[in-house]
Structure formats: C-alpha cells, structure tokens
$ cat structure.txt   # compact mmCIF, C-alpha atoms
# COMPACT_ATOMS: atom_id res chain seq x y z
CA MET J 1020 -271.67 -36.25 18.70
CA LYS J 1021 -272.68 -39.72 17.62
CA LEU J 1022 -274.28 -39.87 14.20
CA PRO J 1023 -277.72 -41.48 13.98
CA THR J 1024 -277.84 -45.10 12.95
CA LYS J 1025 -281.55 -45.66 12.38
CA GLN J 1026 -283.66 -44.67 9.43
CA LEU J 1027 -286.84 -42.60 9.63
CA PRO J 1028 -288.80 -42.41 6.35
CA LEU J 1029 -290.07 -39.00 5.39
CA GLY J 1030 -292.66 -40.72 3.29
CA GLY J 1031 -293.56 -42.02 -0.12
CA PHE J 1032 -293.28 -38.64 -1.80
CA VAL J 1033 -291.20 -35.81 -0.41
CA ASP J 1034 -290.72 -32.52 -2.24
CA GLY J 1035 -287.40 -31.70 -0.62
CA LEU J 1036 -287.92 -30.51 2.95
CA ASN J 1037 -290.64 -28.22 1.66
CA GLY J 1038 -293.26 -30.91 1.32
CA VAL J 1039 -296.15 -31.81 3.54
CA PHE J 1040 -295.17 -35.22 4.85
CA ARG J 1041 -298.49 -36.99 4.56
CA TYR J 1042 -297.29 -40.53 4.31
CA GLN J 1043 -295.67 -42.54 7.07
CA ARG J 1044 -294.90 -45.64 5.02
CA SER J 1045 -291.38 -46.95 4.66
CA ILE J 1046 -290.69 -47.32 0.95
CA GLY J 1047 -287.24 -48.49 -0.05
CA ILE J 1048 -286.04 -46.70 -3.16
CA ARG J 1049 -283.63 -48.71 -5.27
CA ARG J 1050 -281.50 -45.69 -6.06
CA SER J 1051 -281.08 -41.96 -5.43
CA ILE J 1052 -280.80 -42.02 -1.62
CA TYR J 1053 -278.35 -42.87 1.13
CA LEU J 1054 -279.49 -45.24 3.84
CA ALA J 1055 -278.16 -45.45 7.37
CA PRO J 1056 -276.32 -48.64 8.38
CA ASP J 1057 -278.30 -51.28 10.20
CA ARG J 1058 -277.59 -52.35 13.80
CA GLY J 1059 -274.77 -54.58 12.68
CA GLY J 1060 -273.02 -51.67 10.99
CA ARG J 1061 -273.66 -52.98 7.48
CA PRO J 1062 -274.91 -50.50 4.88
CA THR J 1063 -278.40 -51.16 3.60
CA GLU J 1064 -277.45 -49.88 0.14
CA PRO J 1065 -274.81 -51.47 -2.13
CA SER J 1066 -271.24 -51.14 -0.91
CA ASP J 1067 -270.39 -48.50 -3.52
CA SER J 1068 -272.78 -46.01 -1.87
CA PRO J 1069 -271.02 -43.16 -0.05
CA ALA J 1070 -270.79 -43.47 3.72
CA PRO J 1071 -273.35 -41.09 5.27
CA ALA J 1072 -271.04 -40.11 8.14
CA LYS J 1073 -268.55 -38.65 5.68
CA ASP J 1074 -271.13 -36.82 3.55
CA PRO J 1075 -270.77 -33.03 4.14
CA ARG J 1076 -274.49 -32.57 3.50
CA TRP J 1077 -275.40 -34.14 6.84
CA THR J 1078 -277.06 -31.69 9.26
CA VAL J 1079 -277.11 -33.05 12.80
CA ALA J 1080 -278.94 -31.76 15.87
CA GLU J 1081 -279.35 -33.17 19.39
CA CYS J 1082 -281.46 -32.57 22.49
CA ARG J 1083 -282.67 -34.37 25.62
CA THR J 1084 -285.98 -36.18 25.93
CA SER J 1085 -288.23 -35.57 28.92
CA THR J 1086 -286.68 -38.62 30.58
CA GLY J 1087 -283.12 -37.37 30.07
CA ARG J 1088 -282.12 -39.54 27.12
CA SER J 1089 -280.15 -38.11 24.21
CA LEU J 1090 -282.02 -37.92 20.89
CA CYS J 1091 -280.01 -37.14 17.77
CA VAL J 1092 -281.70 -36.37 14.42
CA SER J 1093 -280.05 -35.59 11.11
CA SER J 1094 -280.72 -35.37 7.41
CA ALA J 1095 -278.49 -36.10 4.45
CA GLY J 1096 -278.56 -34.66 0.96
CA LEU J 1097 -282.15 -34.83 -0.21
CA SER J 1098 -283.20 -36.80 -3.26
CA ALA J 1099 -285.00 -35.05 -6.07
CA PRO J 1100 -288.67 -36.05 -6.43
CA PRO J 1101 -290.14 -38.51 -7.07
CA ALA J 1102 -287.53 -40.41 -5.01
CA SER J 1103 -287.96 -40.59 -1.24
CA SER J 1104 -285.77 -38.85 1.32
CA PHE J 1105 -284.99 -39.89 4.87
CA LEU J 1106 -284.21 -38.54 8.29
CA TYR J 1107 -281.90 -40.48 10.58
CA TYR J 1108 -282.09 -40.73 14.35
CA ASN J 1109 -280.42 -42.28 17.34
CA CYS J 1110 -281.64 -42.32 20.94
CA THR J 1111 -279.11 -43.19 23.64
CA GLY J 1112 -279.17 -43.40 27.40
CA THR J 1113 -280.97 -45.57 29.92
CA ALA J 1114 -284.70 -45.91 29.41
CA PRO J 1115 -287.12 -46.72 32.26
CA ASP J 1116 -287.51 -50.49 32.65
CA GLY J 1117 -285.11 -50.91 29.74
CA LYS J 1118 -287.88 -50.05 27.23
CA ASP J 1119 -286.88 -47.85 24.32
CA GLY J 1120 -290.36 -46.85 23.12
CA ASP J 1121 -291.31 -46.34 19.50
CA ALA J 1122 -289.31 -44.67 16.76
CA PRO J 1123 -290.06 -40.98 16.10
CA LYS J 1124 -292.94 -40.35 13.70
CA ILE J 1125 -293.36 -37.36 11.42
CA ILE J 1126 -296.49 -35.35 12.22
CA ALA J 1127 -296.17 -32.20 10.08
CA ALA J 1128 -293.64 -30.04 8.26
CA HIS J 1129 -293.10 -26.64 6.68
CA GLY J 1130 -289.95 -25.48 4.97
CA ASP J 1131 -286.94 -26.89 6.80
CA SER J 1132 -288.95 -27.57 9.99
CA ILE J 1133 -290.37 -30.97 10.90
CA LEU J 1134 -292.63 -31.84 13.85
CA LEU J 1135 -291.82 -35.26 15.34
CA ARG J 1136 -293.61 -37.40 17.92
CA MET J 1137 -292.01 -40.19 19.94
CA MET J 1138 -293.82 -42.53 22.28
CA ARG J 1139 -291.74 -43.31 25.33
CA PRO J 1140 -292.01 -45.44 28.46
CA ARG J 1141 -292.66 -43.94 31.89
CA GLU J 1142 -291.53 -45.09 35.32
CA ALA J 1143 -293.15 -48.26 36.62
CA SER J 1144 -295.25 -46.28 39.08
CA SER J 1145 -296.73 -44.05 36.39
CA SER J 1146 -299.88 -44.55 34.36
CA PHE J 1147 -299.92 -47.56 32.05
CA MET J 1148 -301.11 -45.37 29.19
CA ALA J 1149 -298.75 -44.31 26.41
CA THR J 1150 -296.87 -41.07 26.95
CA PHE J 1151 -295.33 -38.88 24.27
CA ASP J 1152 -292.59 -36.37 23.58
CA HIS J 1153 -292.85 -33.92 20.68
CA PHE J 1154 -289.87 -32.30 18.94
CA VAL J 1155 -289.25 -29.77 16.18
CA TYR J 1156 -286.24 -30.53 13.99
CA ARG J 1157 -284.96 -27.67 11.83
CA ALA J 1158 -282.46 -28.69 9.18
CA GLY J 1159 -280.77 -25.28 9.16
CA ALA J 1160 -280.59 -22.58 6.53
CA ALA J 1161 -277.26 -21.57 5.01
CA ALA J 1162 -278.67 -18.24 3.80
CA ALA J 1163 -279.69 -17.28 7.33
CA ALA J 1164 -276.56 -18.83 8.88
CA ARG J 1165 -278.82 -20.88 11.16
CA PRO J 1166 -277.38 -24.19 12.35
CA PRO J 1167 -279.60 -27.27 12.58
CA SER J 1168 -281.58 -27.58 15.80
CA LEU J 1169 -283.77 -30.05 17.67
CA SER J 1170 -286.19 -28.71 20.30
CA LEU J 1171 -288.28 -30.61 22.83
CA LEU J 1172 -291.74 -29.04 22.97
CA PRO J 1173 -293.48 -28.50 26.30
CA PRO J 1174 -296.40 -30.88 26.90
CA ARG J 1175 -299.73 -29.39 25.88
CA ASN J 1176 -301.03 -28.02 29.17
CA ILE J 1177 -304.54 -27.53 27.73
CA PRO J 1178 -306.75 -30.59 27.22
CA THR J 1179 -308.98 -30.79 24.17
CA ARG J 1180 -312.73 -31.13 24.59
CA HIS J 1181 -312.43 -34.85 23.87
CA GLU J 1182 -309.69 -35.25 26.46
CA GLU J 1183 -311.70 -33.30 29.04
CA ALA J 1184 -314.50 -35.81 28.69
CA HIS J 1185 -312.10 -38.66 29.46
CA GLU J 1186 -310.37 -36.83 32.28
CA GLU J 1187 -313.70 -36.48 34.09
CA GLY J 1188 -313.54 -40.23 34.59
CA GLY J 1189 -309.90 -40.13 35.63
CA ALA J 1190 -308.59 -41.88 32.51
CA LEU J 1191 -306.21 -39.07 31.55
CA ARG J 1192 -304.28 -37.43 34.35
CA ASP J 1193 -300.83 -36.93 32.87
CA ARG J 1194 -300.44 -34.10 30.37
CA TYR J 1195 -297.80 -36.22 28.60
CA ASN J 1196 -300.70 -38.41 27.45
CA ARG J 1197 -301.91 -35.58 25.20
CA VAL J 1198 -300.81 -36.35 21.69
CA LEU J 1199 -300.42 -34.31 18.49
CA LEU J 1200 -301.81 -36.11 15.43
CA PRO J 1201 -300.92 -35.65 11.74
CA GLU J 1202 -304.62 -35.30 10.96
CA ASP J 1203 -305.28 -32.22 13.11
CA THR J 1204 -301.86 -30.63 13.67
CA GLY J 1205 -299.82 -28.34 11.44
CA VAL J 1206 -296.70 -26.19 11.63
CA LEU J 1207 -296.40 -22.77 10.04
CA ARG J 1208 -293.06 -21.08 9.45
CA ARG J 1209 -293.38 -17.30 9.69
CA GLY J 1210 -290.59 -14.97 8.65
CA GLY J 1211 -287.08 -15.86 9.76
CA ASP J 1212 -286.99 -18.09 12.82
CA GLU J 1213 -290.60 -17.85 14.01
CA LEU J 1214 -292.55 -21.10 13.92
CA LEU J 1215 -296.07 -21.90 15.11
CA VAL J 1216 -297.45 -25.33 16.00
CA MET J 1217 -301.25 -25.51 15.88
CA GLN J 1218 -303.74 -28.25 16.72
CA ILE J 1219 -307.40 -27.79 15.77
CA GLU J 1220 -310.52 -29.45 17.21
CA LEU J 1221 -313.85 -28.94 15.45
CA MET J 1222 -316.90 -28.86 17.69
CA PRO J 1223 -319.40 -31.64 16.85
CA GLU J 1224 -322.92 -30.99 15.62
CA TYR J 1225 -324.50 -31.92 18.95
CA SER J 1226 -322.36 -29.44 20.86
CA GLU J 1227 -323.75 -26.05 21.82
CA ARG J 1228 -320.53 -24.70 20.33
CA HIS J 1229 -321.14 -26.26 16.88
CA GLY J 1230 -319.82 -24.01 14.15
CA THR J 1231 -316.69 -23.16 16.12
CA ALA J 1232 -313.28 -24.71 16.70
CA ASP J 1233 -310.76 -24.75 19.54
CA LEU J 1234 -307.15 -24.03 18.61
CA CYS J 1235 -304.11 -24.94 20.68
CA VAL J 1236 -301.16 -22.83 19.53
CA LEU J 1237 -297.50 -22.93 20.54
CA GLN J 1238 -294.83 -20.54 19.37
CA LEU J 1239 -291.50 -22.33 19.13
CA GLY J 1240 -289.39 -21.26 22.09
CA SER J 1241 -292.37 -20.64 24.37
CA SER J 1242 -292.96 -22.84 27.41
CA VAL J 1243 -296.75 -22.58 27.40
CA TRP J 1244 -299.45 -23.48 24.89
CA GLU J 1245 -302.24 -20.98 24.26
CA GLN J 1246 -305.85 -21.93 23.65
CA LYS J 1247 -308.11 -20.03 21.26
CA ARG J 1248 -311.52 -21.25 22.39
CA SER J 1249 -314.71 -21.25 20.30
CA VAL J 1250 -313.25 -19.49 17.27
CA PRO J 1251 -316.19 -19.03 14.85
CA ILE J 1252 -316.00 -20.73 11.45
CA VAL J 1253 -317.49 -18.42 8.83
CA HIS J 1254 -319.09 -19.73 5.66
CA GLU J 1255 -319.54 -17.93 2.39
CA GLU J 1256 -323.25 -18.69 2.25
CA GLY J 1257 -324.00 -17.28 5.71
CA ASP J 1258 -323.17 -17.54 9.37
CA GLU J 1259 -324.29 -21.16 9.68
CA LEU J 1260 -322.24 -24.11 8.49
CA PRO J 1261 -323.90 -26.34 5.86
CA GLY J 1262 -324.03 -29.31 8.24
CA PRO J 1263 -321.77 -31.49 10.39
CA LEU J 1264 -318.09 -31.31 9.53
CA SER J 1265 -315.92 -34.40 9.38
CA ALA J 1266 -312.70 -34.45 11.34
CA PRO J 1267 -309.70 -33.08 9.42
CA ASP J 1268 -307.39 -35.42 7.52
CA MET J 1269 -304.29 -33.22 7.34
CA ALA J 1270 -303.05 -29.65 7.74
CA ILE J 1271 -301.30 -27.86 4.87
CA PRO J 1272 -299.22 -24.68 5.38
CA VAL J 1273 -299.57 -22.02 2.69
CA GLY J 1274 -297.10 -19.15 2.67
CA ASP J 1275 -296.40 -17.65 6.09
CA ARG J 1276 -300.03 -16.89 6.92
CA PHE J 1277 -302.42 -19.76 6.24
CA LEU J 1278 -302.96 -23.31 7.49
CA CYS J 1279 -305.54 -25.37 5.60
CA CYS J 1280 -307.15 -28.18 7.62
CA VAL J 1281 -308.55 -30.51 4.97
CA CYS J 1282 -311.74 -32.47 5.70
CA TYR J 1283 -313.67 -34.88 3.45
CA GLU J 1284 -315.83 -32.34 1.59
CA GLY J 1285 -313.99 -29.09 2.32
CA PHE J 1286 -311.26 -27.43 4.33
CA ILE J 1287 -310.97 -24.96 7.18
CA LEU J 1288 -308.85 -21.99 6.16
CA CYS J 1289 -306.98 -20.77 9.25
CA ASP J 1290 -305.67 -17.22 8.95
CA MET J 1291 -302.80 -16.88 11.42
CA ALA J 1292 -301.75 -13.36 10.36
CA GLU J 1293 -302.69 -12.18 13.85
CA GLU J 1294 -301.74 -14.95 16.24
CA ALA J 1295 -303.77 -13.40 19.07
CA SER J 1296 -306.99 -13.50 17.03
CA PRO J 1297 -306.91 -16.18 14.31
CA LYS J 1298 -309.79 -16.38 11.83
CA LEU J 1299 -311.41 -19.50 10.37
CA ARG J 1300 -313.33 -19.98 7.12
CA TYR J 1301 -314.95 -23.10 5.66
CA ILE J 1302 -314.45 -23.68 1.92
CA ARG J 1303 -315.87 -26.59 -0.06
CA LEU J 1304 -313.66 -28.77 -2.23
CA PRO J 1305 -314.56 -29.18 -5.90
CA SER J 1306 -316.75 -32.26 -6.20
CA SER J 1307 -317.51 -34.63 -9.03
CA PRO J 1308 -321.06 -35.71 -9.91
CA TYR J 1309 -322.10 -38.80 -8.00
CA ASP J 1310 -322.23 -41.91 -10.15
CA PRO J 1311 -324.20 -44.88 -8.74
CA ASP J 1312 -322.08 -47.25 -10.85
CA TYR J 1313 -319.01 -46.27 -8.82
CA TYR J 1314 -319.64 -49.09 -6.35
CA THR J 1315 -321.05 -51.74 -8.71
CA ASP J 1316 -319.50 -55.12 -9.55
CA GLY J 1317 -317.87 -55.30 -6.11
CA LEU J 1318 -315.32 -52.62 -7.05
CA LEU J 1319 -314.10 -50.44 -4.22
CA PRO J 1320 -313.37 -46.71 -4.51
CA LEU J 1321 -309.86 -45.79 -5.58
CA PRO J 1322 -307.32 -45.64 -2.73
CA ASN J 1323 -306.32 -42.05 -1.83
CA PRO J 1324 -307.44 -40.44 -5.10
CA ARG J 1325 -307.47 -36.78 -4.00
CA SER J 1326 -305.05 -34.32 -2.47
CA MET J 1327 -304.44 -30.61 -1.97
CA GLY J 1328 -301.23 -28.63 -1.73
CA ALA J 1329 -299.89 -25.10 -1.65
CA ALA J 1330 -299.63 -23.25 -4.96
CA GLY J 1331 -297.51 -20.29 -3.98
CA ASP J 1332 -297.87 -18.02 -0.95
CA GLY J 1333 -301.60 -17.41 -1.26
CA ALA J 1334 -303.22 -20.20 -3.29
CA VAL J 1335 -303.91 -23.94 -3.19
CA ARG J 1336 -304.03 -26.61 -5.88
CA PHE J 1337 -306.49 -29.54 -5.70
CA VAL J 1338 -305.87 -32.79 -7.61
CA ALA J 1339 -308.42 -35.56 -8.16
CA ILE J 1340 -307.98 -38.96 -9.82
CA GLU J 1341 -311.40 -39.98 -11.16
CA PRO J 1342 -312.19 -43.39 -12.65
CA ARG J 1343 -314.12 -43.35 -15.91
CA CYS J 1344 -315.85 -45.73 -18.24
CA CYS J 1345 -314.91 -46.19 -21.89
CA CYS J 1346 -318.21 -44.49 -22.76
CA GLY J 1347 -316.97 -41.32 -21.03
CA GLY J 1348 -319.04 -41.50 -17.84
CA LEU J 1349 -317.61 -41.35 -14.32
CA GLY J 1350 -317.26 -44.45 -12.17
CA ARG J 1351 -315.29 -47.69 -12.08
CA SER J 1352 -316.14 -50.40 -14.56
CA SER J 1353 -315.21 -54.05 -14.81
CA CYS J 1354 -315.15 -54.12 -18.61
CA PRO J 1355 -311.64 -54.71 -20.04
CA ARG J 1356 -311.42 -51.30 -21.71
CA SER J 1357 -312.40 -49.39 -18.57
CA ARG J 1358 -310.99 -51.43 -15.71
CA PHE J 1359 -308.11 -49.00 -15.10
CA ALA J 1360 -309.31 -45.94 -17.02
CA PHE J 1361 -309.19 -42.59 -15.26
CA THR J 1362 -308.73 -38.85 -15.62
CA VAL J 1363 -306.60 -36.44 -13.53
CA THR J 1364 -308.25 -33.06 -12.93
CA THR J 1365 -306.60 -30.06 -11.26
CA TRP J 1366 -308.14 -26.91 -9.77
CA THR J 1367 -306.61 -23.78 -8.22
CA MET J 1368 -308.03 -21.31 -5.69
CA THR J 1369 -306.63 -17.99 -4.45
CA LEU J 1370 -307.11 -17.73 -0.69
CA THR J 1371 -308.81 -14.82 1.02
CA MET J 1372 -310.81 -14.37 4.21
CA ASP J 1373 -313.23 -11.61 3.24
CA LYS J 1374 -314.00 -12.00 -0.48
CA PRO J 1375 -315.87 -14.64 -2.52
CA VAL J 1376 -313.64 -17.52 -3.58
CA THR J 1377 -313.99 -19.98 -6.43
CA TRP J 1378 -312.17 -23.00 -7.79
CA VAL J 1379 -310.70 -22.55 -11.27
CA LYS J 1380 -310.25 -25.74 -13.28
CA ASP J 1381 -306.70 -25.84 -14.67
CA GLY J 1382 -307.02 -28.86 -16.88
CA VAL J 1383 -307.85 -32.52 -17.36
CA MET J 1384 -305.42 -35.24 -18.31
CA ASP J 1385 -306.72 -38.60 -19.51
CA CYS J 1386 -304.96 -41.87 -18.73
CA GLU J 1387 -304.46 -42.56 -22.45
CA GLU J 1388 -302.50 -39.30 -22.72
CA LEU J 1389 -300.34 -40.27 -19.75
CA TRP J 1390 -299.68 -43.79 -20.93
CA ALA J 1391 -298.59 -42.51 -24.38
CA LEU J 1392 -295.95 -40.13 -22.95
CA PRO J 1393 -292.24 -40.78 -23.66
CA GLY J 1394 -290.70 -42.63 -20.74
CA TYR J 1395 -293.87 -44.36 -19.55
CA ASP J 1396 -292.95 -47.67 -21.21
CA GLY J 1397 -292.60 -50.40 -18.59
CA ILE J 1398 -294.71 -48.62 -15.98
CA PRO J 1399 -298.00 -50.33 -15.10
CA ARG J 1400 -301.11 -48.97 -16.83
CA VAL J 1401 -303.29 -48.88 -13.75
CA HIS J 1402 -305.01 -46.25 -11.62
CA LEU J 1403 -302.75 -43.61 -10.10
CA GLN J 1404 -302.73 -43.15 -6.32
CA GLU J 1405 -301.81 -40.56 -3.67
CA PRO J 1406 -301.20 -37.35 -5.66
CA LEU J 1407 -298.85 -34.80 -4.08
CA VAL J 1408 -298.45 -31.25 -5.38
CA SER J 1409 -294.93 -29.83 -5.72
CA LEU J 1410 -294.30 -26.61 -3.83
CA ASP J 1411 -291.69 -25.52 -6.36
CA ASN J 1412 -294.17 -25.77 -9.24
CA PRO J 1413 -297.86 -26.58 -8.54
CA ASP J 1414 -298.24 -27.85 -12.12
CA VAL J 1415 -295.94 -30.72 -11.14
CA VAL J 1416 -297.61 -33.59 -9.26
CA CYS J 1417 -296.14 -36.84 -7.93
CA PHE J 1418 -298.21 -40.03 -8.05
CA LYS J 1419 -297.82 -43.59 -6.88
CA VAL J 1420 -298.36 -46.38 -9.43
CA VAL J 1421 -298.93 -49.85 -7.97
CA SER J 1422 -299.27 -53.04 -9.99
CA ASN J 1423 -300.86 -55.77 -7.93
CA ALA J 1424 -300.33 -58.25 -10.75
CA ASP J 1425 -296.54 -58.35 -10.46
CA TRP J 1426 -296.07 -56.57 -7.08
CA LYS J 1427 -294.20 -53.63 -8.57
CA GLU J 1428 -294.50 -50.05 -7.41
CA TRP J 1429 -293.40 -46.81 -9.05
CA MET J 1430 -293.32 -43.15 -8.18
CA ILE J 1431 -293.77 -40.80 -11.11
CA GLN J 1432 -293.58 -37.04 -11.48
CA VAL J 1433 -295.89 -35.44 -14.05
CA ASP J 1434 -296.23 -31.89 -15.34
CA THR J 1435 -300.03 -31.77 -15.59
CA ARG J 1436 -300.11 -28.53 -17.59
CA ARG J 1437 -297.56 -29.51 -20.25
CA LYS J 1438 -298.65 -33.16 -19.98
CA ALA J 1439 -295.10 -34.43 -19.67
CA LEU J 1440 -293.57 -37.26 -17.61
CA LEU J 1441 -290.63 -35.68 -15.76
CA ALA J 1442 -289.30 -38.61 -13.74
CA ALA J 1443 -290.04 -42.17 -12.66
CA VAL J 1444 -288.49 -44.27 -9.89
CA GLN J 1445 -289.21 -47.95 -9.27
CA CYS J 1446 -289.61 -48.89 -5.62
CA SER J 1447 -289.59 -52.08 -3.61
CA THR J 1448 -292.65 -52.73 -1.48
CA LYS J 1449 -294.22 -55.36 0.75
CA ARG J 1450 -297.94 -55.56 0.17
CA ASN J 1451 -300.74 -57.70 1.54
CA LYS J 1452 -301.73 -59.91 -1.35
CA HIS J 1453 -305.25 -60.45 -0.06
CA LEU J 1454 -305.91 -56.72 0.21
CA ALA J 1455 -304.25 -56.07 -3.13
CA ALA J 1456 -306.50 -58.60 -4.80
CA ARG J 1457 -309.55 -56.81 -3.38
CA LEU J 1458 -308.30 -53.44 -4.64
CA GLN J 1459 -307.93 -54.88 -8.13
$ encode --input "structure.txt" --output "structure tokens"
Amino acid sequence: MKLPTKQLPLGGFVDGLNGVFRYQRSIGIRRSIYLAPDRGGRPTEPSDSPAPAKDPRWTVAECRTSTGRSLCVSSAGLSAPPASSFLYYNCTGTAPDGKDGDAPKIIAAHGDSILLRMMRPREASSSFMATFDHFVYRAGAAAAARPPSLSLLPPRNIPTRHEEAHEEGGALRDRYNRVLLPEDTGVLRRGGDELLVMQIELMPEYSERHGTADLCVLQLGSSVWEQKRSVPIVHEEGDELPGPLSAPDMAIPVGDRFLCCVCYEGFILCDMAEEASPKLRYIRLPSSPYDPDYYTDGLLPLPNPRSMGAAGDGAVRFVAIEPRCCCGGLGRSSCPRSRFAFTVTTWTMTLTMDKPVTWVKDGVMDCEELWALPGYDGIPRVHLQEPLVSLDNPDVVCFKVVSNADWKEWMIQVDTRRKALLAAVQCSTKRNKHLAARLQ
C-alpha cells in the first residue's frame, strides 16, 4: 500500500481524535507535528524530523471512490493540544478528463471516526454541477483490536426539502450532487463499532411544518439512508418554538446518545437513544445583556467568540469571550485601556429530554488574570478567538491569539477553573492585512 503524500489539516485546534473538528484552516505549527513530504519528495519540516513512513504510529486505510480510484488516508502520532494534528491522503488512478477534484475536507468527527467529503469530477456527459463522495475514516482502536478502516458512504438517496425545491426545476437530478455540510451534519459513535451519520434540516417559519425538523440518518455499513420526517422540536416553555430558528452552525456529539446542533441563540438537542424514533428539544444558549456600545466607533464584533463542547457523557460546556470596558461594562471600546479588554465566562448544563434544564455558571476569568499568568510573557495581549473545549477535561479550553500588529499567531491551552496557562504554541499564518486592519 502506498503511503499518503498530501497533508489534510484537522484544524486549528484538535483535542486528539476526540475533538469536534470545527476549523478547516491550514495552520502550520512550527513544532510538535510530522508533515508529509511535498510532491517533490522533500519534507516540509526540518530534515531532523522523523520520516512519517517509518513511524510505527501511522494507521493507514484504503478504499475505492465511486469512480474507481484508490483513496488512501492515514494518521500519524497525534500532537498534544494546543498543537495541530494532521491526516494524510493520497488518491491514485485515472480521473475522468484528467481532473483530480478537490482534496478531502473534514465534515465531522467523534472519537476515532472522521467524516470526510471529496468533490470529484464526473464523465463529460454528466451534469456540470459538482458531485461528491463521502467517507468515514476510523483510525482503529488497539483496545478493541480494530484495524483502521476507510468506508465509502452510499449517496444520500433522500433529498432535503431545499433540494426538492430545486429538483422540481430539474437543477438537481444526480443524487451524487447531495452534499453533507459541517454546519448540519454530525457523527455519533455508539458502543463498539456502531456509528451513525445524521444530517438535520430545520423547517423554516413560513413552512406549514415549522417547529419540526427532517433527519437523514445512516448507520455505518448500511446501503440506504433513512429519513425521519417532521420530527417535532419540543420547547421547555410550551409546544411552540419562540420564533424562527437560524440554521445550525455545527453538530457536537455528546456521549453515545446525544447530538447537539448549535444555532445562533440556542441548540437542538437530538436524542438518538432510539434510532427509530429520535427526539428533538430546543434549548437556549446563555446570553449576555445587549450593549449598544458594542458596535460604536466602527469596531466590529469579536471574531468567533463563542463555542460549545461536550463535558462528559451527558453534559455540555459553553464558553464565551466578551469584550469589556475599563469601567466594567460590556462592549468594545476604543480607549487605550479597553481596546483589547475581555472576560472569559463558562457555563455547564446537564442534558435531559424530559426535565427542566438550566445553565450553571462555572466561573469568569478576566484578561488581566490571564495576561499575568506564568508563561504568558511574549504572547500578544489581545482578544482571544475560537474557544474549543477539551473532551478530556471540560475545564481546559484552547484559544487562538492573533496579533495583527506583527502578524503572529498563537494557540494557548488554559485551565479556566484553576486559572492556569497549560501550554502555548506559536504558529505561522498568512493573513489578509486589509481584513486584519479592520478587525483591529
């Protein structure tokens, strides 16, 4: 088997293979990881880095694409957070019209299982629209004596409501056009080898089915998707939803039972304990008081200031980075003392489908406390970005720190309960200077 020679980033922050791979950016870490050789065979790390092909931690799996090409995916020894980790891939064989298509993209993950999507070309006589293959890569588990595997998923034979509207006009005819998105698709590992892939579609407010959602569910190993149509979304305050729901941003697996589809103001809790009859519940996210000064002086909202992650098998942790003024009020300020001031607040909720739920505030950490911690010297004193909760310990959160003044970027790992800086890794990044200036 030929080892992969191309690099696929798992993302800015990866908590082993247990993380939810939210980010699709390629961030080159200066240390802590192995990189695959480039097309010329030269290593992309310094020459004293071990050769990946000889590393016993490589787990390699291979399968055929829908056009008969050979796709090989593997992972090396994973880097401890906050460093990034990588998958590696190689696709060989003759492609239609000599077009290779795009590199695989990570859609979702749970445990050692990763859902990948790869756009591929079709024959010249086929539709001009993009077509897609979806795969599940499982890195393998030594405890269960399970070797690594790569499985091509069957195309989703059930169109979504949105796709049905387009198909009425003949725009979508090929089921390979139906794509799984990181915003509305999640994977849930259940027990030993069982794995579910689920895509959710919320019905819009103008639909007669408002207040419900359609679920497309595939059990790994099955050849057919199943649709759960018009599943009611219950709400703690009554049968009716509080208003229109925004489309989900991401899906988070929790334990072996729940998938949380996070929207702007809340999340849909999907109880998959009984696959034949899943249950949905809408839960609001903790919100901060609105401050009209947040948008004054031409200052934009903070980039990616909130996130949610699993906190054990039956709970979630919510993290919010909130700008503050030197006077103590919320909102961004252009005064020198408050330009980059912020607080980090964390909440926890225990999940249940049939009892009242509430967010419990765990604690608040001010930027001055963070900046004074041992080990923070040399790291920019600016707003944090893109929090990601560790699955091993929900008190531990990774953040991105970006200095637009000197174009430096860091990833830091913080214990928010003990208020301790656990690790920091400097990264290389290519940023748009015009956009960066606006964000400052």
$ residues_around --input "structure.txt" --residues "segment 1239-1243 of chain J" --least-positions-apart "4" --cutoff "7 Å" --atoms "all atoms listed in the file" --output "number ranges by chain"
J: 1173, 1213-1215
$ atom_distance --input "structure.txt" --atom1 "atom CA of Met1291 of chain J" --atom2 "atom CA of Asp1268 of chain J"
19.5 Å
$ closest_residue --input "structure.txt" --among "J:Leu1237, J:Cys1417, J:Ile1133, J:Val1198" --to "Phe1151 of chain J" --atoms "only C-alpha atoms"
J:Val1198
$ atom_distance --input "structure.txt" --atom1 "atom CA of Ser1409 of chain J" --atom2 "atom CA of Pro1297 of chain J"
27.0 Å
$ residues_near_point --input "structure.txt" --point "(-310.6, -24.6, 17.5)" --cutoff "7 Å" --atoms "all atoms listed in the file" --output "PyMOL selection string"
chain J and resi 1219-1221+1231-1234+1247-1250
$ atom_distance --input "structure.txt" --atom1 "atom CA of Pro1375 of chain J" --atom2 "atom CA of Leu1288 of chain J"
13.4 Å
$ closest_residue --input "structure.txt" --among "J:Gly1210, J:His1254, J:Glu1227, J:Ala1334" --to "Ala1292 of chain J" --atoms "only C-alpha atoms"
J:Gly1210
$ closest_residue --input "structure.txt" --among "J:Ser1326, J:Thr1377, J:Thr1111, J:Gln1218" --to "Pro1406 of chain J" --atoms "only C-alpha atoms"
J:Ser1326
$ axis_aligned_box --input "structure.txt" --around "segment 1194-1201 of chain J" --padding-each-side "5 Å" --output "lines of an AutoDock Vina configuration file"
center_x = -299.9
center_y = -36.3
center_z = 21.1
size_x = 14.1
size_y = 14.3
size_z = 28.6
$ closest_residue --input "structure.txt" --among "J:Met1368, J:Cys1091, J:Cys1280, J:Ala1295" --to "Gly1333 of chain J" --atoms "all atoms listed in the file"
J:Met1368
$ closest_residue --input "structure.txt" --among "J:Ser1306, J:Thr1365, J:Thr1204, J:Gln1246" --to "Ile1125 of chain J" --atoms "all atoms listed in the file"
J:Thr1204
$ closest_residue --input "structure.txt" --among "J:Asp1381, J:Glu1081, J:Glu1183, J:Asp1275" --to "Phe1337 of chain J" --atoms "only C-alpha atoms"
J:Asp1381
